[in-house]
$ cat run_10.cif   # mmCIF, C-alpha atoms
data_upload
#
loop_
_atom_site.label_atom_id
_atom_site.label_comp_id
_atom_site.auth_asym_id
_atom_site.auth_seq_id
_atom_site.Cartn_x
_atom_site.Cartn_y
_atom_site.Cartn_z
CA MET A 661 2.42 5.34 8.38
CA VAL A 662 4.99 2.73 8.05
CA GLU A 663 3.87 -0.66 7.33
CA LEU A 664 4.91 -2.19 10.33
CA LEU A 665 4.26 -5.25 11.99
CA VAL A 666 1.53 -6.40 14.15
CA VAL A 667 2.63 -9.88 15.06
CA VAL A 668 -0.89 -11.12 15.74
CA MET A 669 -4.26 -9.70 14.84
CA ARG A 670 -7.95 -10.39 14.61
CA THR A 671 -9.50 -10.59 11.16
CA THR A 672 -12.86 -11.03 9.52
CA LEU A 673 -13.17 -12.94 6.28
CA LEU A 674 -13.75 -10.74 3.26
CA HIS A 675 -13.81 -13.44 0.63
CA ARG A 676 -11.53 -16.10 -0.69
CA ARG A 677 -10.50 -17.80 -3.87
CA ARG A 678 -8.45 -20.96 -3.78
CA TYR A 679 -5.43 -21.63 -5.96
CA GLY A 680 -4.42 -25.07 -4.75
CA LYS A 681 -3.05 -24.33 -1.30
CA ARG A 682 -2.26 -20.77 -2.15
CA THR A 683 -3.75 -17.80 -0.46
CA TRP A 684 -6.96 -15.88 0.19
CA ALA A 685 -7.90 -12.29 0.48
CA MET A 686 -8.74 -11.34 4.04
CA LYS A 687 -9.89 -8.24 5.79
CA ARG A 688 -8.32 -7.42 9.10
CA ARG A 689 -10.30 -6.13 12.04
CA LEU A 690 -8.51 -4.99 15.15
CA ASN A 691 -9.62 -2.41 17.67
CA GLY A 692 -6.93 0.17 18.14
CA PRO A 693 -5.07 1.00 21.30
CA ARG A 694 -5.91 4.18 23.16
CA CYS A 695 -3.20 6.10 24.90
CA GLU A 696 -4.15 8.38 27.80
CA GLU A 697 -0.98 10.43 27.48
CA GLN A 698 0.18 11.92 24.21
CA LEU A 699 3.98 11.74 24.26
CA ASP A 700 5.76 14.42 22.24
CA VAL A 701 9.06 12.74 21.47
CA ARG A 702 10.21 14.06 18.09
CA LYS A 703 12.45 11.21 17.23
CA ILE A 704 12.17 7.54 16.44
CA ARG A 705 13.02 5.51 19.50
CA GLN A 706 12.34 2.18 21.13
CA SER A 707 10.17 1.79 24.18
CA GLY A 708 9.10 -1.02 26.43
CA ASP A 709 5.73 0.54 27.24
CA VAL A 710 2.69 -1.71 27.38
CA LEU A 711 -0.08 -0.43 25.16
CA GLY A 712 -3.57 -1.62 26.11
CA ILE A 713 -6.08 -2.62 23.44
CA PRO A 714 -9.60 -2.24 24.84
CA GLY A 715 -12.50 -4.27 23.51
CA ILE A 716 -10.44 -7.37 22.75
CA LYS A 717 -10.20 -10.48 24.88
CA GLN A 718 -6.59 -11.00 25.83
CA LYS A 719 -4.58 -14.12 26.52
CA GLY A 720 -2.34 -12.53 29.10
CA TYR A 721 0.59 -12.84 26.71
CA GLU A 722 2.27 -9.94 24.99
CA MET A 723 3.70 -9.41 21.54
CA ARG A 724 5.97 -6.76 20.09
CA ALA A 725 4.71 -4.14 17.67
CA TRP A 726 5.93 -0.93 16.08
CA VAL A 727 3.63 1.84 17.28
CA TYR A 728 3.25 5.27 15.65
CA HIS A 729 3.00 8.15 18.15
CA GLY A 730 3.58 11.09 15.79
CA ASN A 731 6.03 12.67 13.37
CA GLN A 732 9.24 10.61 13.44
CA ASP A 733 8.10 9.02 16.70
CA LEU A 734 7.96 5.29 16.10
CA ARG A 735 8.51 2.81 18.94
CA ILE A 736 8.74 -0.89 19.58
CA GLU A 737 6.26 -1.66 22.35
CA ASP A 738 4.73 -4.68 24.03
CA VAL A 739 1.01 -4.99 23.29
CA PRO A 740 -1.49 -7.60 24.45
CA GLU A 741 -2.08 -10.64 22.27
CA PRO A 742 -5.76 -10.82 21.24
CA ILE A 743 -8.13 -13.78 21.10
CA PRO A 744 -10.44 -14.03 18.07
CA GLY A 745 -14.12 -13.56 18.86
CA PRO A 746 -17.16 -14.87 16.97
CA GLY A 747 -16.72 -14.61 13.20
CA GLU A 748 -13.07 -13.65 13.54
CA VAL A 749 -9.69 -15.25 12.97
CA ARG A 750 -6.23 -14.37 14.17
CA VAL A 751 -3.31 -14.22 11.77
CA ARG A 752 0.30 -14.65 12.77
CA ILE A 753 2.01 -12.14 10.50
CA ALA A 754 4.82 -13.46 8.33
CA TYR A 755 5.76 -10.33 6.38
CA ASN A 756 4.58 -6.72 6.27
CA GLY A 757 5.48 -4.30 3.50
CA ILE A 758 6.45 -0.66 4.00
CA CYS A 759 4.12 1.49 1.92
CA GLY A 760 4.91 4.91 0.49
CA SER A 761 1.99 6.23 2.52
CA ASP A 762 3.74 4.92 5.63
CA LEU A 763 6.82 6.95 4.78
CA HIS A 764 4.71 10.07 4.26
CA GLU A 765 2.96 9.52 7.57
CA ILE A 766 6.15 8.95 9.55
CA PHE A 767 8.23 11.78 8.12
CA ASN A 768 5.57 14.30 7.01
CA GLY A 769 2.58 13.38 9.18
CA PRO A 770 0.45 12.81 10.93
CA MET A 771 -1.90 13.12 7.98
CA PHE A 772 -4.20 10.11 8.24
CA THR A 773 -3.49 8.75 11.72
CA PRO A 774 -6.07 10.08 14.23
CA LEU A 775 -3.72 10.97 17.08
CA GLU A 776 -5.69 13.90 18.51
CA THR A 777 -9.23 13.56 17.12
CA ALA A 778 -11.29 10.40 16.81
CA HIS A 779 -11.44 9.02 13.27
CA PRO A 780 -14.95 9.62 11.83
CA THR A 781 -15.25 6.05 10.54
CA THR A 782 -13.38 3.89 13.04
CA GLY A 783 -13.73 6.03 16.16
CA HIS A 784 -10.09 5.37 17.01
CA ARG A 785 -7.97 8.09 18.58
CA GLY A 786 -4.36 7.86 19.68
CA PRO A 787 -1.24 5.91 18.74
CA VAL A 788 -1.60 3.21 16.10
CA VAL A 789 0.13 -0.09 15.49
CA LEU A 790 1.25 0.54 11.93
CA GLY A 791 1.28 -1.93 9.06
CA HIS A 792 -1.36 -2.46 6.38
CA GLU A 793 0.41 -4.67 3.82
CA ALA A 794 0.41 -7.91 5.75
CA SER A 795 0.42 -11.59 4.96
CA GLY A 796 0.66 -14.54 7.29
CA ILE A 797 -0.81 -17.77 8.57
CA VAL A 798 -4.11 -18.23 10.42
CA ASP A 799 -3.24 -19.50 13.90
CA ALA A 800 -6.60 -19.27 15.71
CA VAL A 801 -10.27 -19.21 14.67
CA GLY A 802 -13.20 -17.82 16.62
CA SER A 803 -16.62 -19.38 16.97
CA GLY A 804 -19.30 -19.38 14.27
CA ASP A 805 -19.46 -20.43 10.65
CA ILE A 806 -16.01 -19.38 9.41
CA ASP A 807 -14.65 -20.75 6.17
CA VAL A 808 -11.06 -20.43 7.33
CA GLU A 809 -8.71 -23.05 8.71
CA VAL A 810 -5.81 -22.84 11.10
CA GLY A 811 -2.57 -23.08 9.12
CA GLN A 812 -3.97 -21.40 6.03
CA ARG A 813 -1.83 -18.77 4.28
CA VAL A 814 -3.62 -15.46 3.83
CA ALA A 815 -3.14 -11.97 2.45
CA ILE A 816 -5.00 -9.23 4.29
CA GLU A 817 -7.06 -6.51 2.65
CA PRO A 818 -6.77 -3.77 5.28
CA VAL A 819 -9.68 -1.49 4.34
CA PHE A 820 -12.15 -0.85 7.14
CA ARG A 821 -15.48 -1.86 5.66
CA VAL A 822 -18.61 -0.15 6.93
CA PRO A 823 -21.50 -2.67 7.09
CA GLY A 824 -23.78 -2.36 4.06
CA ASP A 825 -21.31 -0.36 1.97
CA ASP A 826 -19.85 -3.06 -0.25
CA ALA A 827 -19.97 -0.94 -3.42
CA ASN A 828 -17.80 2.00 -2.34
CA TYR A 829 -15.93 0.95 0.77
CA ASN A 830 -12.55 2.08 -0.62
CA LEU A 831 -13.69 5.71 -0.99
CA ASP A 832 -12.69 8.03 1.87
CA ALA A 833 -11.51 4.80 3.42
CA ALA A 834 -9.97 4.05 6.76
CA PHE A 835 -7.13 1.55 6.73
CA TYR A 836 -6.19 -0.83 9.49
CA GLY A 837 -2.60 -0.09 10.40
CA LEU A 838 -3.09 3.57 9.52
CA SER A 839 -6.43 4.95 10.66
CA LEU A 840 -6.80 2.05 13.06
CA ASN A 841 -4.49 -0.68 14.34
CA GLY A 842 -3.90 -3.22 12.02
CA PHE A 843 2.29 -7.28 -0.05
CA LEU A 844 -0.18 -7.66 -2.24
CA ALA A 845 -1.33 -4.12 -1.63
CA ASP A 846 0.93 -2.41 -4.20
CA PHE A 847 -0.25 -4.75 -6.93
CA ALA A 848 -3.88 -4.39 -5.84
CA VAL A 849 -3.61 -0.58 -5.95
CA ALA A 850 -2.03 -0.68 -9.39
CA TRP A 851 -4.38 -3.35 -10.73
CA ARG A 852 -7.41 -1.30 -9.75
CA ALA A 853 -5.97 1.81 -11.40
CA VAL A 854 -5.29 -0.03 -14.65
CA GLU A 855 -8.76 -1.60 -14.58
CA ARG A 856 -10.38 1.82 -14.09
CA ALA A 857 -8.35 3.29 -16.95
CA ASP A 858 -10.06 0.76 -19.28
CA LEU A 859 -7.30 0.61 -21.90
CA SER A 860 -6.96 -1.39 -25.10
CA VAL A 861 -4.09 -3.70 -26.05
CA ASP A 862 -2.90 -1.30 -28.79
CA ASP A 863 -2.77 1.76 -26.51
CA SER A 864 0.52 3.44 -25.67
CA VAL A 865 1.03 4.31 -22.00
CA VAL A 866 3.54 6.43 -20.11
CA VAL A 867 3.92 5.59 -16.42
CA PHE A 868 5.37 8.41 -14.32
CA GLY A 869 7.21 6.96 -11.32
CA GLY A 870 9.30 3.80 -11.12
CA GLY A 871 8.58 3.02 -7.49
CA PRO A 872 6.49 0.09 -6.23
CA ILE A 873 3.16 1.41 -7.58
CA GLY A 874 4.66 2.45 -10.91
CA ILE A 875 6.36 -0.92 -11.37
CA ALA A 876 3.19 -2.74 -10.33
CA ALA A 877 1.18 -0.62 -12.79
CA ALA A 878 3.55 -1.46 -15.64
CA LEU A 879 3.40 -5.16 -14.79
CA SER A 880 -0.41 -4.97 -14.59
CA LEU A 881 -0.53 -3.36 -18.03
CA ARG A 882 1.71 -6.10 -19.39
CA ALA A 883 -0.51 -8.77 -17.80
CA LYS A 884 -3.37 -7.26 -19.79
CA LYS A 885 -1.33 -7.58 -23.01
CA ILE A 886 -0.58 -3.86 -23.22
CA ASN A 887 3.08 -3.66 -24.23
CA ARG A 888 3.71 -0.11 -25.49
CA ILE A 889 4.86 1.16 -22.10
CA VAL A 890 7.49 3.71 -21.05
CA ILE A 891 8.36 4.49 -17.43
CA VAL A 892 9.60 7.96 -16.44
CA GLU A 893 11.82 7.80 -13.34
CA PRO A 894 14.63 10.08 -12.07
CA ALA A 895 16.50 7.52 -9.91
CA HIS A 896 19.23 5.64 -11.79
CA ARG A 897 18.85 2.44 -9.77
CA ARG A 898 15.10 2.31 -10.35
CA ARG A 899 15.53 2.89 -14.07
CA SER A 900 18.11 0.12 -14.20
CA VAL A 901 15.77 -2.31 -12.41
CA VAL A 902 12.85 -1.37 -14.64
CA ARG A 903 14.92 -1.79 -17.80
CA GLY A 904 15.99 -5.20 -16.51
CA MET A 905 12.31 -6.14 -16.47
CA GLY A 906 12.00 -5.24 -20.15
CA PHE A 907 10.51 -1.73 -19.96
CA ASP A 908 11.75 1.39 -21.74
CA THR A 909 12.62 4.32 -19.48
CA LEU A 910 13.18 8.08 -19.57
CA ASP A 911 15.11 10.24 -17.09
CA PRO A 912 13.12 13.42 -16.27
CA THR A 913 16.30 15.11 -14.96
CA SER A 914 18.18 14.83 -18.27
CA ALA A 915 18.63 17.94 -20.41
CA ASP A 916 16.86 16.37 -23.38
CA PHE A 917 13.95 14.91 -21.39
CA ARG A 918 11.29 17.17 -22.91
CA ASP A 919 12.51 16.47 -26.44
CA ASN A 920 12.66 12.73 -25.77
CA LEU A 921 9.21 12.75 -24.21
CA ALA A 922 7.76 14.71 -27.14
CA SER A 923 9.45 12.39 -29.62
CA LEU A 924 8.10 9.37 -27.78
CA ALA A 925 4.59 10.76 -27.64
CA GLY A 926 4.45 11.82 -31.27
CA SER A 927 0.86 12.89 -31.85
CA GLY A 928 0.05 11.79 -28.32
CA VAL A 929 -0.21 8.72 -26.13
CA GLN A 930 -3.53 7.17 -25.21
CA ALA A 931 -2.87 7.13 -21.48
CA CYS A 932 -0.58 8.25 -18.68
CA ILE A 933 -0.42 6.90 -15.15
CA ASN A 934 0.77 9.27 -12.44
CA ALA A 935 2.40 7.11 -9.78
CA ALA A 936 4.97 9.75 -8.88
CA GLY A 937 3.04 12.21 -6.72
CA VAL A 938 5.12 15.27 -7.68
CA ALA A 939 3.59 18.45 -9.08
CA PRO A 940 5.36 18.74 -12.49
CA VAL A 941 4.08 15.34 -13.59
CA MET A 942 0.49 16.52 -14.03
CA ALA A 943 1.38 19.13 -16.65
CA GLN A 944 3.87 16.82 -18.38
CA ALA A 945 1.32 14.04 -18.61
CA ILE A 946 -1.48 16.28 -19.89
CA ASP A 947 0.88 17.71 -22.53
CA ILE A 948 1.65 14.33 -24.11
CA LEU A 949 -1.86 12.90 -24.05
CA ALA A 950 -3.50 12.47 -27.43
CA PRO A 951 -6.94 14.06 -27.90
CA GLY A 952 -9.35 11.97 -25.89
CA GLY A 953 -6.48 10.54 -23.85
CA LYS A 954 -6.72 9.55 -20.19
CA LEU A 955 -4.57 10.50 -17.22
CA MET A 956 -4.92 8.11 -14.30
CA VAL A 957 -3.79 9.57 -10.96
CA VAL A 958 -2.95 6.88 -8.41
CA ALA A 959 -0.36 8.78 -6.33
CA THR A 960 -1.09 10.95 -3.31
CA HIS A 961 0.29 14.50 -3.35
CA LEU A 962 1.59 16.44 -0.37
CA GLU A 963 0.52 19.80 -1.87
CA PRO A 964 -2.31 20.99 -4.16
CA VAL A 965 -1.44 20.87 -7.87
CA PRO A 966 -2.64 23.53 -10.37
CA ILE A 967 -4.22 22.22 -13.59
CA ASP A 968 -5.04 24.04 -16.83
CA LEU A 969 -8.63 22.94 -17.34
CA ASN A 970 -8.81 24.58 -20.78
CA GLN A 971 -6.04 22.28 -21.96
CA LEU A 972 -8.20 19.34 -20.96
CA LEU A 973 -11.39 20.84 -22.32
CA MET A 974 -10.19 21.73 -25.81
CA ALA A 975 -8.82 18.22 -26.51
CA GLU A 976 -11.39 16.29 -24.48
CA LYS A 977 -8.70 14.79 -22.29
CA THR A 978 -9.81 13.07 -19.10
CA ILE A 979 -8.35 12.86 -15.61
CA LEU A 980 -9.28 9.75 -13.66
CA THR A 981 -8.35 8.76 -10.13
CA SER A 982 -8.06 5.49 -8.27
CA ILE A 983 -7.67 4.98 -4.54
CA GLY A 984 -6.72 1.79 -2.76
CA TYR A 985 -8.47 -1.43 -3.72
CA ARG A 986 -11.90 -2.99 -3.61
CA ASP A 987 -12.08 -6.77 -3.99
CA ASP A 988 -8.97 -6.68 -6.19
CA PHE A 989 -6.89 -9.15 -4.19
CA PRO A 990 -8.30 -12.30 -5.86
CA ASN A 991 -7.31 -11.04 -9.33
CA VAL A 992 -3.87 -10.06 -8.10
CA ILE A 993 -3.35 -13.43 -6.41
CA GLU A 994 -4.30 -15.13 -9.66
CA GLN A 995 -1.83 -13.03 -11.66
CA GLN A 996 0.91 -13.69 -9.13
CA ALA A 997 0.24 -17.41 -9.32
CA ARG A 998 0.69 -17.15 -13.10
CA GLY A 999 4.07 -15.44 -12.66
CA ALA A 1000 2.91 -12.07 -13.99
CA PHE A 1001 4.39 -10.11 -11.08
CA PRO A 1002 8.11 -10.84 -10.63
CA THR A 1003 9.63 -9.25 -7.53
CA SER A 1004 13.14 -10.67 -7.10
CA SER A 1005 14.95 -7.65 -8.57
CA TRP A 1006 13.19 -4.91 -6.60
CA VAL A 1007 11.84 -6.28 -3.30
CA GLU A 1008 14.10 -6.83 -0.30
CA THR A 1009 13.46 -8.21 3.20
CA VAL A 1010 14.77 -6.85 6.50
CA PRO A 1011 14.32 -8.14 10.07
CA PHE A 1012 11.61 -6.77 12.37
CA ASP A 1013 14.09 -5.03 14.68
CA ALA A 1014 15.86 -3.36 11.74
CA LEU A 1015 12.80 -1.48 10.55
CA VAL A 1016 14.18 1.97 11.33
CA GLU A 1017 17.93 1.55 10.88
CA THR A 1018 17.72 -0.48 7.67
CA GLY A 1019 14.17 -0.52 6.32
CA LEU A 1020 13.23 3.14 6.53
CA SER A 1021 16.71 4.53 5.94
CA ARG A 1022 17.26 2.56 2.72
CA LEU A 1023 13.87 3.60 1.36
CA ARG A 1024 14.49 7.28 2.15
CA THR A 1025 17.90 7.28 0.45
CA GLY A 1026 16.58 5.42 -2.58
CA GLU A 1027 18.83 2.40 -2.00
CA ALA A 1028 15.72 0.23 -1.70
CA ILE A 1029 12.62 0.24 -3.90
CA LYS A 1030 10.30 -1.98 -1.88
CA THR A 1031 10.94 -3.42 1.58
CA LEU A 1032 9.21 -6.22 3.43
CA ILE A 1033 9.63 -6.50 7.16
CA GLU A 1034 10.06 -10.10 8.29
CA VAL A 1035 7.89 -10.48 11.38
CA ASN A 1036 7.65 -14.25 11.80
CA GLY A 1037 8.66 -15.39 8.31
CA GLY A 1038 6.60 -17.79 6.28
#
$ encode --input "run_10.cif" --output "structure tokens"
Amino acid sequence: MVELLVVVMRTTLLHRRRYGKRTWAMKRRLNGPRCEEQLDVRKIRQSGDVLGIPGIKQKGYEMRAWVYHGNQDLRIEDVPEPIPGPGEVRVRIAYNGICGSDLHEIFNGPMFTPLETAHPTTGHRGPVVLGHEASGIVDAVGSGDIDVEVGQRVAIEPVFRVPGDDANYNLDAAFYGLSLNGFLADFAVAWRAVERADLSVDDSVVVFGGGPIGIAAALSLRAKKINRIVIVEPAHRRRSVVRGMGFDTLDPTSADFRDNLASLAGSGVQACINAAGVAPVMAQAIDILAPGGKLMVVATHLEPVPIDLNQLLMAEKTILTSIGYRDDFPNVIEQQARGAFPTSSWVETVPFDALVETGLSRLRTGEAIKTLIEVNGG
């Protein structure tokens, strides 16, 4: 998965909330391409292949897209430009963020992309146009009663919603641009996790991981007037950025980390948020929780993690989880409009063609924290 760019796409309206001429939350709907031949090229390369997208009316024009074919096999290809059908709109993508799940999928996958077997929810099988953190401008509207206008700025909620399942559609979800063709997403993920943790303004919280989700979680806590926050992060640059935003930090690689963490926790913190996705964090977080404390897990893990259930049981500590987002975009848009989510110090933009050479490489080396791919600009 790499949050890559689909220049144009069909969408269905999820819901909207106006903030002057600001933005809405949208849900994207795009049938995925099917590829008759599975190419086993174990490297990232560029290709001029045309990838057909069945089930969509096509203009006869083509657009460029980054297409995921397998582990480290990511290609620029020409794909047909779709026409929105009834109840649908097309969005010309301005920017698309690279998600941590994209990096896992590209370099450790496929894990979620249905290359060989049809996805149980979407039915898609084969290569996928990656990119699920998109924003852009509506440039065409299909027939029917659609409360969307050409020229409107939108943010896209990429979760594939099964009809009739509005209450739990984020659970075991399929994502456009991951399980099917397809920047508020990091904040929406974090906002939902903080909401589910149900914390009080006087609670103390340790956030493990100073990447995009960890930073977004800390900013979400602050937006909710929770200010006793410490972020645990091994990368010097990330710690420096986080400190510049006014948060205290700890380095888990330092010799005195355990002592510093214990001193910080005292008799225990009320909550921890695991946005790191590495095995040692679970035990460290459980150790510093106060009796009755909560551990919110929002990171995916590449391997199973052992947990001492007796340690939880005897102090009535609780592990909670949060996956994706469900109607969280309107709240996030509102907070962003209020200035609660600054991004200038940790988000960078790279051109569409530089996705691999600059975007992915800088994220893998830790030089970048969060990267947006400029597709058409905005």
$ resolve_selection --input "run_10.cif" --expression "the PyMOL selection byres ((chain A and resi 726) around 7)" --output "list in words"
Leu664, Leu665, Ala725, Val727, Tyr728, Leu734, Arg735, Ile736, Glu737, Val789 and Leu790 of chain A
$ closest_residue --input "run_10.cif" --among "A:Ala1028, A:Leu859, A:Ile946, A:Val810" --to "A:Leu973" --atoms "all atoms listed in the file"
A:Ile946
$ closest_residue --input "run_10.cif" --among "A:Leu969, A:Glu748, A:Pro742, A:Leu962" --to "A:Asp807" --atoms "only C-alpha atoms"
A:Glu748
$ resolve_selection --input "run_10.cif" --expression "the PyMOL selection byres ((chain A and resi 1005) around 12)" --output "short mmCIF file (atom, residue, chain, number, x, y, z; two decimals) with C-alpha atoms, in the coordinates of the input"
data_model
loop_
_atom_site.label_atom_id
_atom_site.label_comp_id
_atom_site.auth_asym_id
_atom_site.auth_seq_id
_atom_site.Cartn_x
_atom_site.Cartn_y
_atom_site.Cartn_z
CA PRO A 872 6.49 0.09 -6.23
CA ILE A 875 6.36 -0.92 -11.37
CA ARG A 897 18.85 2.44 -9.77
CA ARG A 898 15.10 2.31 -10.35
CA ARG A 899 15.53 2.89 -14.07
CA SER A 900 18.11 0.12 -14.20
CA VAL A 901 15.77 -2.31 -12.41
CA VAL A 902 12.85 -1.37 -14.64
CA ARG A 903 14.92 -1.79 -17.80
CA GLY A 904 15.99 -5.20 -16.51
CA MET A 905 12.31 -6.14 -16.47
CA PHE A 1001 4.39 -10.11 -11.08
CA PRO A 1002 8.11 -10.84 -10.63
CA THR A 1003 9.63 -9.25 -7.53
CA SER A 1004 13.14 -10.67 -7.10
CA TRP A 1006 13.19 -4.91 -6.60
CA VAL A 1007 11.84 -6.28 -3.30
CA GLU A 1008 14.10 -6.83 -0.30
CA THR A 1009 13.46 -8.21 3.20
CA ALA A 1028 15.72 0.23 -1.70
CA ILE A 1029 12.62 0.24 -3.90
CA LYS A 1030 10.30 -1.98 -1.88
CA THR A 1031 10.94 -3.42 1.58
#
$ atom_distance --input "run_10.cif" --atom1 "atom CA of A:Gly984" --atom2 "atom CA of A:Arg888"
25.1 Å
$ residues_near_point --input "run_10.cif" --point "(7.9, -13.9, 10.8)" --cutoff "6 Å" --atoms "all atoms listed in the file" --output "ChimeraX atom specification"
/A:754,1034-1037
$ atom_distance --input "run_10.cif" --atom1 "atom CA of A:Val801" --atom2 "atom CA of A:Pro818"
18.4 Å
$ residues_near_point --input "run_10.cif" --point "(-6.1, -2.7, -4.1)" --cutoff "7 Å" --atoms "all atoms listed in the file" --output "list in words"
Ala845, Phe847, Ala848, Val849, Ala850, Trp851, Arg852, Gly984, Tyr985, Arg986, Asp988 and Phe989 of chain A
